[in-house]
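The next block is query00.cif, given as mmCIF, C-alpha atoms.
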data_entry
loop_
_atom_site.group_PDB
_atom_site.id
_atom_site.type_symbol
_atom_site.label_atom_id
_atom_site.label_comp_id
_atom_site.auth_asym_id
_atom_site.auth_seq_id
_atom_site.Cartn_x
_atom_site.Cartn_y
_atom_site.Cartn_z
ATOM 1 C CA MET A 2 -27.060 12.862 -8.193
ATOM 2 C CA ILE A 3 -26.500 11.318 -11.621
ATOM 3 C CA ALA A 4 -22.966 10.368 -10.582
ATOM 4 C CA ALA A 5 -24.339 8.595 -7.512
ATOM 5 C CA ALA A 6 -26.779 6.674 -9.718
ATOM 6 C CA VAL A 7 -24.008 5.695 -12.161
ATOM 7 C CA LEU A 8 -21.758 4.531 -9.342
ATOM 8 C CA THR A 9 -24.587 2.572 -7.734
ATOM 9 C CA GLY A 10 -25.330 0.898 -11.066
ATOM 10 C CA TYR A 11 -21.670 0.047 -11.525
ATOM 11 C CA ALA A 12 -21.537 -1.472 -8.036
ATOM 12 C CA ALA A 13 -24.643 -3.507 -8.865
ATOM 13 C CA VAL A 14 -23.055 -4.874 -12.047
ATOM 14 C CA VAL A 15 -19.887 -5.789 -10.158
ATOM 15 C CA GLY A 16 -21.805 -7.269 -7.230
ATOM 16 C CA TRP A 17 -24.399 -9.277 -9.157
ATOM 17 C CA ALA A 18 -23.411 -9.842 -12.803
ATOM 18 C CA ALA A 19 -19.600 -10.041 -12.723
ATOM 19 C CA PRO A 20 -19.286 -13.010 -10.303
ATOM 20 C CA ALA A 21 -21.527 -15.183 -12.488
ATOM 21 C CA ALA A 22 -19.419 -14.419 -15.562
ATOM 22 C CA LEU A 23 -16.089 -14.949 -13.811
ATOM 23 C CA GLY A 24 -17.326 -18.081 -12.063
ATOM 24 C CA ARG A 25 -17.983 -19.663 -15.453
ATOM 25 C CA ALA A 26 -14.623 -18.622 -16.937
ATOM 26 C CA ARG A 27 -12.688 -21.716 -18.008
ATOM 27 C CA TRP A 28 -9.352 -19.922 -18.000
ATOM 28 C CA ALA A 29 -9.421 -19.303 -14.227
ATOM 29 C CA HIS A 30 -8.185 -22.783 -13.335
ATOM 30 C CA ARG A 31 -5.381 -22.464 -15.884
ATOM 31 C CA ALA A 32 -4.178 -19.239 -14.263
ATOM 32 C CA PRO A 33 -5.304 -19.264 -10.616
ATOM 33 C CA ARG A 34 -3.063 -16.381 -9.576
ATOM 34 C CA ALA A 35 -4.509 -14.096 -12.246
ATOM 35 C CA ALA A 36 -8.027 -15.201 -11.336
ATOM 36 C CA LEU A 37 -7.371 -14.451 -7.658
ATOM 37 C CA THR A 38 -6.150 -10.985 -8.593
ATOM 38 C CA LEU A 39 -9.353 -10.348 -10.526
ATOM 39 C CA TRP A 40 -11.588 -11.546 -7.668
ATOM 40 C CA ARG A 41 -9.763 -9.221 -5.271
ATOM 41 C CA ALA A 42 -10.126 -6.373 -7.748
ATOM 42 C CA LEU A 43 -13.878 -6.974 -7.989
ATOM 43 C CA MET A 44 -14.227 -6.855 -4.206
ATOM 44 C CA LEU A 45 -12.216 -3.622 -4.084
ATOM 45 C CA THR A 46 -14.254 -2.193 -6.946
ATOM 46 C CA PHE A 47 -17.520 -2.854 -5.156
ATOM 47 C CA VAL A 48 -16.288 -1.130 -1.991
ATOM 48 C CA VAL A 49 -14.860 1.854 -3.895
ATOM 49 C CA SER A 50 -18.061 2.259 -5.905
ATOM 50 C CA ALA A 51 -20.233 2.083 -2.801
ATOM 51 C CA ALA A 52 -18.030 4.548 -0.932
ATOM 52 C CA LEU A 53 -17.985 7.084 -3.776
ATOM 53 C CA ALA A 54 -21.720 6.712 -4.316
ATOM 54 C CA ALA A 55 -22.234 7.510 -0.636
ATOM 55 C CA TYR A 56 -19.978 10.535 -1.029
ATOM 56 C CA HIS A 57 -21.941 11.846 -4.004
ATOM 57 C CA LEU A 58 -25.227 11.413 -2.216
ATOM 58 C CA THR A 59 -23.812 13.372 0.721
ATOM 59 C CA ARG A 60 -22.158 16.051 -1.410
ATOM 60 C CA SER A 61 -25.145 16.603 -3.691
ATOM 61 C CA GLY A 62 -22.998 16.355 -6.813
ATOM 62 C CA GLN A 63 -19.736 17.949 -5.644
ATOM 63 C CA HIS A 64 -16.770 16.010 -7.055
ATOM 64 C CA LEU A 65 -13.983 14.534 -4.965
ATOM 65 C CA HIS A 66 -10.659 15.141 -6.709
ATOM 66 C CA GLY A 67 -8.317 12.519 -5.378
ATOM 67 C CA LEU A 68 -6.520 12.327 -2.076
ATOM 68 C CA LEU A 69 -5.994 16.092 -1.934
ATOM 69 C CA GLY A 70 -9.736 16.530 -2.218
ATOM 70 C CA VAL A 71 -10.262 14.232 0.741
ATOM 71 C CA ILE A 72 -7.713 16.185 2.790
ATOM 72 C CA ASP A 73 -9.282 19.524 1.841
ATOM 73 C CA VAL A 74 -12.751 18.349 2.839
ATOM 74 C CA TRP A 75 -11.450 16.893 6.102
ATOM 75 C CA LEU A 76 -9.581 20.099 6.998
ATOM 76 C CA GLY A 77 -12.395 22.369 5.853
ATOM 77 C CA ARG A 78 -10.294 23.900 3.038
ATOM 78 C CA ASP A 79 -12.758 23.063 0.250
ATOM 79 C CA ASP A 80 -13.303 26.306 -1.708
ATOM 80 C CA THR A 81 -16.585 25.187 -3.292
ATOM 81 C CA PRO A 82 -19.194 27.942 -2.848
ATOM 82 C CA SER A 83 -21.383 27.181 0.115
ATOM 83 C CA VAL A 84 -24.517 27.172 -2.025
ATOM 84 C CA GLU A 85 -23.102 24.213 -3.998
ATOM 85 C CA ARG A 86 -21.992 22.245 -0.986
ATOM 86 C CA GLY A 87 -23.701 19.706 1.132
ATOM 87 C CA PRO A 88 -22.744 19.141 4.783
ATOM 88 C CA GLU A 89 -19.257 20.299 5.748
ATOM 89 C CA GLY A 90 -16.371 19.044 7.824
ATOM 90 C CA PRO A 91 -15.206 15.587 8.910
ATOM 91 C CA GLY A 92 -18.784 14.347 9.191
ATOM 92 C CA LEU A 93 -19.054 14.654 5.425
ATOM 93 C CA LEU A 94 -16.734 11.705 4.871
ATOM 94 C CA LEU A 95 -18.443 9.507 7.453
ATOM 95 C CA PRO A 96 -20.453 7.516 4.857
ATOM 96 C CA VAL A 97 -17.288 6.974 2.824
ATOM 97 C CA GLY A 98 -15.381 5.812 5.867
ATOM 98 C CA ILE A 99 -18.141 3.427 6.902
ATOM 99 C CA ALA A 100 -18.382 1.921 3.415
ATOM 100 C CA ALA A 101 -14.622 1.371 3.276
ATOM 101 C CA ALA A 102 -14.098 0.233 6.879
ATOM 102 C CA TRP A 103 -17.085 -2.123 7.091
ATOM 103 C CA PRO A 104 -15.514 -5.078 5.174
ATOM 104 C CA LEU A 105 -12.071 -4.389 6.641
ATOM 105 C CA GLY A 106 -13.508 -4.544 10.138
ATOM 106 C CA TRP A 107 -15.130 -7.894 9.425
ATOM 107 C CA SER A 108 -11.868 -9.217 7.959
ATOM 108 C CA GLY A 109 -10.014 -8.098 11.066
ATOM 109 C CA ALA A 110 -12.556 -9.882 13.253
ATOM 110 C CA VAL A 111 -12.133 -13.072 11.199
ATOM 111 C CA LEU A 112 -8.353 -12.853 11.562
ATOM 112 C CA LEU A 113 -8.543 -12.380 15.328
ATOM 113 C CA ARG A 114 -10.930 -15.281 15.802
ATOM 114 C CA SER A 115 -8.817 -17.551 13.585
ATOM 115 C CA ARG A 116 -5.700 -16.522 15.471
ATOM 116 C CA ARG A 117 -7.269 -17.545 18.779
ATOM 117 C CA HIS A 118 -8.278 -20.924 17.360
ATOM 118 C CA ARG A 119 -4.818 -21.537 15.939
ATOM 119 C CA ARG A 120 -3.199 -20.577 19.233
ATOM 120 C CA ARG A 121 -5.268 -23.165 21.105
ATOM 121 C CA HIS A 122 -4.566 -25.787 18.466
ATOM 122 C CA ARG A 123 -0.817 -25.113 18.582
ATOM 123 C CA ALA A 124 -0.901 -25.587 22.347
ATOM 124 C CA LEU A 125 -2.510 -28.997 21.829
ATOM 125 C CA LEU A 126 0.065 -29.885 19.199
ATOM 126 C CA ASP A 127 2.879 -29.011 21.600
ATOM 127 C CA LEU A 128 1.428 -31.517 24.030
ATOM 128 C CA ALA A 129 0.333 -34.319 21.724
ATOM 129 C CA GLY A 130 2.642 -34.048 18.721
ATOM 130 C CA ARG A 131 6.257 -34.985 18.187
ATOM 131 C CA PRO A 132 8.491 -32.717 16.124
ATOM 132 C CA GLU A 133 10.144 -34.102 13.007
ATOM 133 C CA PRO A 134 12.927 -31.619 12.207
ATOM 134 C CA ARG A 135 13.892 -33.597 9.110
ATOM 135 C CA LEU A 136 10.477 -32.887 7.628
ATOM 136 C CA GLY A 137 9.893 -29.530 9.255
ATOM 137 C CA ALA A 138 6.595 -30.838 10.608
ATOM 138 C CA VAL A 139 4.792 -32.070 13.703
ATOM 139 C CA VAL A 140 3.550 -35.664 13.706
ATOM 140 C CA LEU A 141 0.373 -36.791 15.445
ATOM 141 C CA GLU A 142 -0.199 -40.454 16.206
ATOM 142 C CA HIS A 143 -3.242 -41.400 14.148
ATOM 143 C CA GLU A 144 -3.737 -44.101 11.568
ATOM 144 C CA THR A 145 -5.799 -41.955 9.151
ATOM 145 C CA PRO A 146 -3.594 -40.096 6.650
ATOM 146 C CA ALA A 147 -3.984 -36.336 7.039
ATOM 147 C CA ALA A 148 -1.850 -33.289 6.362
ATOM 148 C CA TYR A 149 -2.471 -29.606 7.016
ATOM 149 C CA CYS A 150 -0.750 -26.417 8.088
ATOM 150 C CA LEU A 151 -1.481 -23.786 10.698
ATOM 151 C CA PRO A 152 -0.410 -20.346 9.397
ATOM 152 C CA GLY A 153 0.478 -17.330 11.477
ATOM 153 C CA ARG A 154 3.445 -16.121 13.495
ATOM 154 C CA ARG A 155 4.302 -19.633 14.672
ATOM 155 C CA PRO A 156 3.385 -21.751 11.654
ATOM 156 C CA ARG A 157 3.116 -25.522 11.822
ATOM 157 C CA ILE A 158 2.879 -28.258 9.246
ATOM 158 C CA VAL A 159 1.040 -31.219 10.761
ATOM 159 C CA LEU A 160 1.124 -34.821 9.569
ATOM 160 C CA THR A 161 -0.385 -37.923 11.048
ATOM 161 C CA SER A 162 1.623 -41.104 11.496
ATOM 162 C CA GLY A 163 -0.764 -42.688 8.993
ATOM 163 C CA THR A 164 0.489 -40.192 6.386
ATOM 164 C CA LEU A 165 4.093 -41.256 6.956
ATOM 165 C CA ASP A 166 3.133 -44.928 6.757
ATOM 166 C CA THR A 167 1.068 -44.551 3.592
ATOM 167 C CA LEU A 168 2.793 -42.059 1.330
ATOM 168 C CA THR A 169 5.873 -42.730 -0.743
ATOM 169 C CA PRO A 170 8.812 -40.323 -0.322
ATOM 170 C CA GLU A 171 7.838 -38.497 -3.519
ATOM 171 C CA GLN A 172 4.219 -38.186 -2.441
ATOM 172 C CA LEU A 173 5.245 -36.968 1.009
ATOM 173 C CA HIS A 174 7.483 -34.360 -0.600
ATOM 174 C CA ALA A 175 4.550 -33.184 -2.754
ATOM 175 C CA VAL A 176 2.289 -32.783 0.295
ATOM 176 C CA LEU A 177 4.942 -30.878 2.233
ATOM 177 C CA GLU A 178 5.590 -28.524 -0.676
ATOM 178 C CA HIS A 179 1.874 -27.874 -0.989
ATOM 179 C CA GLU A 180 1.623 -26.910 2.685
ATOM 180 C CA ARG A 181 4.796 -24.804 2.536
ATOM 181 C CA ALA A 182 3.285 -22.865 -0.356
ATOM 182 C CA HIS A 183 0.306 -21.966 1.846
ATOM 183 C CA LEU A 184 2.611 -20.717 4.586
ATOM 184 C CA ARG A 185 4.993 -18.791 2.342
ATOM 185 C CA GLY A 186 2.148 -17.187 0.428
ATOM 186 C CA ARG A 187 0.297 -16.199 3.627
ATOM 187 C CA HIS A 188 -2.838 -17.585 2.057
ATOM 188 C CA HIS A 189 -4.748 -17.259 5.320
ATOM 189 C CA LEU A 190 -4.769 -13.482 4.819
ATOM 190 C CA SER A 191 -6.485 -13.809 1.433
ATOM 191 C CA LEU A 192 -9.005 -16.191 2.961
ATOM 192 C CA ALA A 193 -9.681 -13.773 5.816
ATOM 193 C CA LEU A 194 -10.276 -10.888 3.411
ATOM 194 C CA ALA A 195 -12.710 -12.946 1.358
ATOM 195 C CA GLU A 196 -14.468 -14.256 4.478
ATOM 196 C CA GLY A 197 -14.705 -10.760 5.938
ATOM 197 C CA PHE A 198 -16.144 -9.419 2.680
ATOM 198 C CA ALA A 199 -18.715 -12.233 2.650
ATOM 199 C CA ARG A 200 -19.770 -11.457 6.225
ATOM 200 C CA ALA A 201 -19.946 -7.746 5.523
ATOM 201 C CA PHE A 202 -22.247 -8.285 2.532
ATOM 202 C CA PRO A 203 -23.978 -11.624 3.227
ATOM 203 C CA GLY A 204 -26.607 -11.351 0.500
ATOM 204 C CA LEU A 205 -24.243 -10.260 -2.260
ATOM 205 C CA PRO A 206 -23.488 -12.829 -5.016
ATOM 206 C CA LEU A 207 -19.980 -11.401 -5.385
ATOM 207 C CA ALA A 208 -19.314 -12.010 -1.685
ATOM 208 C CA ARG A 209 -20.442 -15.641 -1.778
ATOM 209 C CA ALA A 210 -18.589 -16.397 -5.004
ATOM 210 C CA ALA A 211 -15.380 -14.633 -3.948
ATOM 211 C CA ARG A 212 -15.218 -16.606 -0.699
ATOM 212 C CA SER A 213 -15.690 -19.946 -2.464
ATOM 213 C CA GLN A 214 -13.449 -19.174 -5.424
ATOM 214 C CA THR A 215 -10.659 -17.779 -3.261
ATOM 215 C CA ALA A 216 -10.455 -21.011 -1.275
ATOM 216 C CA ASP A 217 -10.422 -23.140 -4.447
ATOM 217 C CA LEU A 218 -7.909 -21.000 -6.309
ATOM 218 C CA LEU A 219 -5.502 -20.825 -3.370
ATOM 219 C CA GLU A 220 -5.380 -24.625 -3.303
ATOM 220 C CA MET A 221 -4.545 -24.596 -7.009
ATOM 221 C CA VAL A 222 -1.816 -22.018 -6.434
ATOM 222 C CA ALA A 223 -0.305 -24.306 -3.773
ATOM 223 C CA ASP A 224 -0.595 -27.265 -6.159
ATOM 224 C CA ASP A 225 1.273 -25.335 -8.851
ATOM 225 C CA HIS A 226 4.044 -24.561 -6.386
ATOM 226 C CA ALA A 227 4.356 -28.234 -5.453
ATOM 227 C CA LEU A 228 4.519 -29.210 -9.130
ATOM 228 C CA ARG A 229 7.787 -27.323 -9.466
ATOM 229 C CA SER A 230 9.517 -30.176 -7.653
ATOM 230 C CA CYS A 231 7.201 -33.190 -8.090
ATOM 231 C CA THR A 232 5.137 -34.874 -10.773
ATOM 232 C CA PRO A 233 1.363 -34.364 -11.189
ATOM 233 C CA LYS A 234 0.909 -38.102 -10.632
ATOM 234 C CA ALA A 235 2.680 -38.005 -7.265
ATOM 235 C CA LEU A 236 0.727 -34.988 -6.073
ATOM 236 C CA ALA A 237 -2.579 -36.459 -7.252
ATOM 237 C CA ALA A 238 -1.916 -39.748 -5.475
ATOM 238 C CA ALA A 239 -0.947 -37.950 -2.276
ATOM 239 C CA MET A 240 -4.077 -35.819 -2.413
ATOM 240 C CA CYS A 241 -6.239 -38.929 -2.707
ATOM 241 C CA GLU A 242 -4.561 -40.534 0.305
ATOM 242 C CA VAL A 243 -4.970 -37.534 2.632
ATOM 243 C CA ALA A 244 -8.394 -36.412 1.353
ATOM 244 C CA ALA A 245 -10.309 -38.306 4.040
ATOM 245 C CA GLY A 246 -8.343 -36.860 6.945
ATOM 246 C CA GLY A 247 -10.121 -34.243 9.036
ATOM 247 C CA VAL A 248 -8.456 -30.887 9.641
ATOM 248 C CA PRO A 249 -9.195 -27.912 11.924
ATOM 249 C CA GLN A 250 -11.450 -25.195 10.560
ATOM 250 C CA THR A 251 -8.694 -22.577 10.465
ATOM 251 C CA ALA A 252 -6.097 -24.858 8.841
ATOM 252 C CA LEU A 253 -5.102 -25.169 5.189
ATOM 253 C CA ALA A 254 -4.914 -28.703 3.856
ATOM 254 C CA ALA A 255 -3.718 -30.596 0.799
ATOM 255 C CA GLY A 256 -6.950 -32.602 0.881
ATOM 256 C CA GLY A 257 -10.375 -31.141 1.437
ATOM 257 C CA PRO A 258 -13.565 -30.647 -0.576
ATOM 258 C CA THR A 259 -11.787 -29.406 -3.738
ATOM 259 C CA VAL A 260 -9.826 -32.618 -4.312
ATOM 260 C CA LEU A 261 -11.915 -33.882 -7.234
ATOM 261 C CA LEU A 262 -11.695 -30.564 -9.054
ATOM 262 C CA ARG A 263 -7.949 -30.362 -8.492
ATOM 263 C CA LEU A 264 -7.387 -33.978 -9.514
ATOM 264 C CA LYS A 265 -9.050 -33.293 -12.840
ATOM 265 C CA ARG A 266 -6.863 -30.231 -13.267
ATOM 266 C CA LEU A 267 -3.707 -32.198 -12.444
ATOM 267 C CA LEU A 268 -4.310 -35.280 -14.531
ATOM 268 C CA LEU A 269 -5.750 -33.780 -17.712
ATOM 269 C CA PRO A 270 -3.454 -32.087 -20.259
ATOM 270 C CA ARG A 271 -3.034 -28.430 -19.364
ATOM 271 C CA THR A 272 -1.982 -25.323 -21.237
ATOM 272 C CA GLY A 273 -1.125 -22.084 -19.531
ATOM 273 C CA LEU A 274 -2.962 -18.853 -20.197
ATOM 274 C CA HIS A 275 -1.635 -16.986 -23.228
ATOM 275 C CA PRO A 276 0.513 -13.960 -22.223
ATOM 276 C CA VAL A 277 -1.830 -11.596 -24.081
ATOM 277 C CA ALA A 278 -4.846 -12.993 -22.230
ATOM 278 C CA ARG A 279 -2.985 -12.834 -18.918
ATOM 279 C CA THR A 280 -2.082 -9.211 -19.550
ATOM 280 C CA ALA A 281 -5.702 -8.429 -20.430
ATOM 281 C CA VAL A 282 -6.877 -9.972 -17.153
ATOM 282 C CA LEU A 283 -4.377 -7.955 -15.139
ATOM 283 C CA LEU A 284 -5.322 -4.738 -16.952
ATOM 284 C CA LEU A 285 -8.976 -5.428 -16.205
ATOM 285 C CA ALA A 286 -8.114 -6.029 -12.534
ATOM 286 C CA LEU A 287 -6.265 -2.705 -12.455
ATOM 287 C CA SER A 288 -8.870 -0.660 -14.304
ATOM 288 C CA ALA A 289 -12.013 -1.965 -12.579
ATOM 289 C CA PRO A 290 -11.357 -0.224 -9.215
ATOM 290 C CA LEU A 291 -10.126 2.953 -10.967
ATOM 291 C CA LEU A 292 -13.204 3.436 -13.133
ATOM 292 C CA PRO A 293 -15.365 4.748 -10.244
ATOM 293 C CA TYR A 294 -12.652 7.311 -9.513
ATOM 294 C CA PHE A 295 -12.741 8.594 -13.099
ATOM 295 C CA VAL A 296 -16.532 8.782 -12.934
ATOM 296 C CA THR A 297 -16.199 10.848 -9.772
ATOM 297 C CA CYS A 298 -13.507 13.150 -11.119
ATOM 298 C CA GLY A 299 -14.783 13.415 -14.677
ATOM 299 C CA PRO A 300 -17.130 16.079 -16.050
ATOM 300 C CA THR A 301 -19.973 17.017 -13.759
ATOM 301 C CA LEU A 302 -22.759 14.490 -14.037
ATOM 302 C CA GLY A 303 -25.174 16.375 -11.864
#
Write-out of the structure in structure tokens:
Amino acid sequence: MIAAAVLTGYAAVVGWAAPAALGRARWAHRAPRAALTLWRALMLTFVVSAALAAYHLTRSGQHLHGLLGVIDVWLGRDDTPSVERGPEGPGLLLPVGIAAAWPLGWSGAVLLRSRRHRRRHRALLDLAGRPEPRLGAVVLEHETPAAYCLPGRRPRIVLTSGTLDTLTPEQLHAVLEHERAHLRGRHHLSLALAEGFARAFPGLPLARAARSQTADLLEMVADDHALRSCTPKALAAAMCEVAAGGVPQTALAAGGPTVLLRLKRLLLPRTGLHPVARTAVLLLALSAPLLPYFVTCGPTLG
């Protein structure tokens, strides 16, 4: 029972204290990919901790030694004396399975709903838009500059005619590279995971912060990709021009509510994260989900 209490406490720290600390970290905007990795690791850590805590409560202190232990319990091959065991058989792992599958199920539901919305929007684009093979985009006739992409199996980059009339060639190239980065990186999957986690645990500070930070950091990742072939000034100017354009809920856009934050990041002098600090962040992201496992498989805690 002590192990269950330790795991529950660890989940509470990850779910309530860690997001506040990471949300205030100044280095995250300098290394958005590393920050995204850490947010994902925190979400995984919370789920692992909750699942193992549920296991310990069910097993009354019996330890779960890795994947082989799971298989042995499932197949009824656990040789623990019956007096030391809790409930037996597949039903034993039901709390673990629920804790692990709950956020994944919500993420799957978010993906399916988004896919239906994108399918309907693509059908409208096929009717109302005109393809521009030179740009690899679909153009809608509208005077307001706007640019966004629809990810998925049949991805689309969408521009309005106002975007083509307003942006310079360099600015247009920056916007297109930003949207291509979203499509190549399959950023909609990361957004769906964060959204599903937030819906699975609606009152959890980690869930709210991870959803918000994932959206912001993915835009910065796309900005960094665009900067490989354009100047910060060109990208910043393009972002300002398309910021007012409305986009569908399931689309990813170069504009949007994070424009001011990203403009500041683009236009102020920037230094990358030191390799030692980057390595430390990645090690933390790797170790955080593993720590509950070591607690579970360490010396008996009672």
### Task
Can you pull out every residue within 8 Å of Pro20 in chain A, counting all atoms listed in the file, but drop anything in the same chain fewer than 2 positions away, and send it as a list of chain:residue names?
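Near Pro20 in chain A, the qualifying residues are A:Val15, A:Gly16, A:Trp17, A:Ala18, A:Ala22, A:Leu23, A:Gly24, A:Pro206, A:Leu207, A:Ala210, A:Ala211.
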### Query
Any idea what the distance is between CA of Thr272 in chain A and CA of His30 in chain A?
10.4 Å
### Task
Run the PyMOL selection byres ((chain A and resi 109-118) around 12) against the file shown and list the residues it catches, as a ChimeraX atom specification.
/A:102-108,119-125,151-156,188-201,249-253
### Query
For the atom pair CA of Val48 in chain A and CA of Leu205 in chain A, what is the interatomic distance in Å to one decimal place?
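Computing the Euclidean distance for CA of Val48 in chain A and CA of Leu205 in chain A yields 12.1 Å.
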### Task
Take CA of His226 in chain A and CA of Gly257 in chain A and report the distance between them in Å, one decimal.
17.7 Å
### Query
Which residues, written as a ChimeraX atom specification, have at least one atom at most 9 Å from Ala35 in chain A, with all atoms listed in the file counted and residues fewer than 5 positions away on the same chain left out?
/A:29,40,279,282-283,286
### Task
Name the residues that the PyMOL selection byres ((chain A and resi 260) around 10) pulls out of this structure, and write them as a ChimeraX atom specification.
/A:217,220-221,237,240-241,243-244,255-259,261-266
### Query
Using all atoms listed in the file, can you list as a PyMOL selection string the residues within 12 Å of (1.2, -35.9, -9.0)?
chain A and resi 169+171-176+178-179+224-242+263-269
Which centre and edge lengths in Å to one decimal define the box along x, y and z that fits every listed atom of range 148-166 of chain A plus 6 Å per side, as JSON?
{"center_x": 0.9, "center_y": -30.5, "center_z": 10.5, "size_x": 18.8, "size_y": 40.8, "size_z": 20.3}
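Each of A:Val97, A:Val7, A:Val222, A:Ala19 was compared to Leu37 in chain A using only C-alpha atoms, and A:Val222 turns out to be the nearest.
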Counting only C-alpha atoms, what is within 8 Å of Ile158 in chain A, bar same-chain residues fewer than 5 positions away, as a PDB file with C-alpha atoms, in the coordinates of the input?
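Contents of out22.pdb, freshly written:
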ATOM      1  CA  GLY A 137       9.893 -29.530   9.255  1.00  0.00           C
ATOM      2  CA  ALA A 138       6.595 -30.838  10.608  1.00  0.00           C
ATOM      3  CA  VAL A 139       4.792 -32.070  13.703  1.00  0.00           C
ATOM      4  CA  ALA A 148      -1.850 -33.289   6.362  1.00  0.00           C
ATOM      5  CA  TYR A 149      -2.471 -29.606   7.016  1.00  0.00           C
ATOM      6  CA  CYS A 150      -0.750 -26.417   8.088  1.00  0.00           C
ATOM      7  CA  LEU A 151      -1.481 -23.786  10.698  1.00  0.00           C
ATOM      8  CA  LEU A 177       4.942 -30.878   2.233  1.00  0.00           C
ATOM      9  CA  GLU A 180       1.623 -26.910   2.685  1.00  0.00           C
ATOM     10  CA  ARG A 181       4.796 -24.804   2.536  1.00  0.00           C
TER      11      ARG A 181
END
### Task
Please return, as a VMD selection string, all polymer residues that have at least one atom within 10 Å of the point (-14.2, 3.6, -4.8); use all atoms listed in the file and the file's own coordinate frame.
chain A and resid 8 12 45 to 56 97 100 to 101 289 to 297
Using the incomplete input, complete range 112-117 of chain A to the level of all heavy atoms; output as an mmCIF file, in the coordinates of the input.
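Generated output (result_19.cif):
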data_model
loop_
_atom_site.group_PDB
_atom_site.id
_atom_site.type_symbol
_atom_site.label_atom_id
_atom_site.label_comp_id
_atom_site.auth_asym_id
_atom_site.auth_seq_id
_atom_site.Cartn_x
_atom_site.Cartn_y
_atom_site.Cartn_z
ATOM 1 N N LEU A 112 -9.751 -12.556 11.265
ATOM 2 C CA LEU A 112 -8.353 -12.853 11.562
ATOM 3 C C LEU A 112 -8.129 -13.079 13.053
ATOM 4 O O LEU A 112 -7.408 -13.999 13.445
ATOM 5 C CB LEU A 112 -7.465 -11.706 11.060
ATOM 6 C CG LEU A 112 -7.060 -11.721 9.593
ATOM 7 C CD1 LEU A 112 -6.338 -10.438 9.234
ATOM 8 C CD2 LEU A 112 -6.185 -12.932 9.287
ATOM 9 N N LEU A 113 -8.733 -12.243 13.884
ATOM 10 C CA LEU A 113 -8.543 -12.380 15.328
ATOM 11 C C LEU A 113 -9.130 -13.692 15.839
ATOM 12 O O LEU A 113 -8.511 -14.382 16.657
ATOM 13 C CB LEU A 113 -9.190 -11.196 16.047
ATOM 14 C CG LEU A 113 -8.467 -9.848 15.900
ATOM 15 C CD1 LEU A 113 -9.277 -8.741 16.568
ATOM 16 C CD2 LEU A 113 -7.064 -9.915 16.493
ATOM 17 N N ARG A 114 -10.316 -14.032 15.365
ATOM 18 C CA ARG A 114 -10.930 -15.281 15.802
ATOM 19 C C ARG A 114 -10.104 -16.485 15.353
ATOM 20 O O ARG A 114 -9.864 -17.423 16.123
ATOM 21 C CB ARG A 114 -12.344 -15.401 15.254
ATOM 22 C CG ARG A 114 -13.126 -16.564 15.843
ATOM 23 C CD ARG A 114 -14.436 -16.766 15.146
ATOM 24 N NE ARG A 114 -14.228 -17.202 13.763
ATOM 25 C CZ ARG A 114 -15.200 -17.596 12.956
ATOM 26 N NH1 ARG A 114 -16.452 -17.567 13.375
ATOM 27 N NH2 ARG A 114 -14.946 -17.983 11.727
ATOM 28 N N SER A 115 -9.642 -16.452 14.098
ATOM 29 C CA SER A 115 -8.817 -17.551 13.585
ATOM 30 C C SER A 115 -7.509 -17.661 14.354
ATOM 31 O O SER A 115 -7.019 -18.764 14.619
ATOM 32 C CB SER A 115 -8.541 -17.350 12.095
ATOM 33 O OG SER A 115 -9.735 -17.340 11.345
ATOM 34 N N ARG A 116 -6.956 -16.508 14.712
ATOM 35 C CA ARG A 116 -5.700 -16.522 15.471
ATOM 36 C C ARG A 116 -5.880 -17.181 16.827
ATOM 37 O O ARG A 116 -5.023 -17.957 17.266
ATOM 38 C CB ARG A 116 -5.190 -15.088 15.636
ATOM 39 C CG ARG A 116 -3.850 -14.978 16.325
ATOM 40 C CD ARG A 116 -3.438 -13.528 16.450
ATOM 41 N NE ARG A 116 -2.176 -13.392 17.164
ATOM 42 C CZ ARG A 116 -1.628 -12.230 17.472
ATOM 43 N NH1 ARG A 116 -2.239 -11.102 17.129
ATOM 44 N NH2 ARG A 116 -0.492 -12.191 18.136
ATOM 45 N N ARG A 117 -7.012 -16.911 17.484
ATOM 46 C CA ARG A 117 -7.269 -17.545 18.779
ATOM 47 C C ARG A 117 -7.417 -19.054 18.619
ATOM 48 O O ARG A 117 -6.871 -19.821 19.432
ATOM 49 C CB ARG A 117 -8.532 -16.948 19.408
ATOM 50 C CG ARG A 117 -8.371 -15.534 19.910
ATOM 51 C CD ARG A 117 -9.518 -15.164 20.831
ATOM 52 N NE ARG A 117 -10.794 -15.180 20.117
ATOM 53 C CZ ARG A 117 -11.331 -14.123 19.526
ATOM 54 N NH1 ARG A 117 -10.690 -12.961 19.548
ATOM 55 N NH2 ARG A 117 -12.503 -14.212 18.921
#
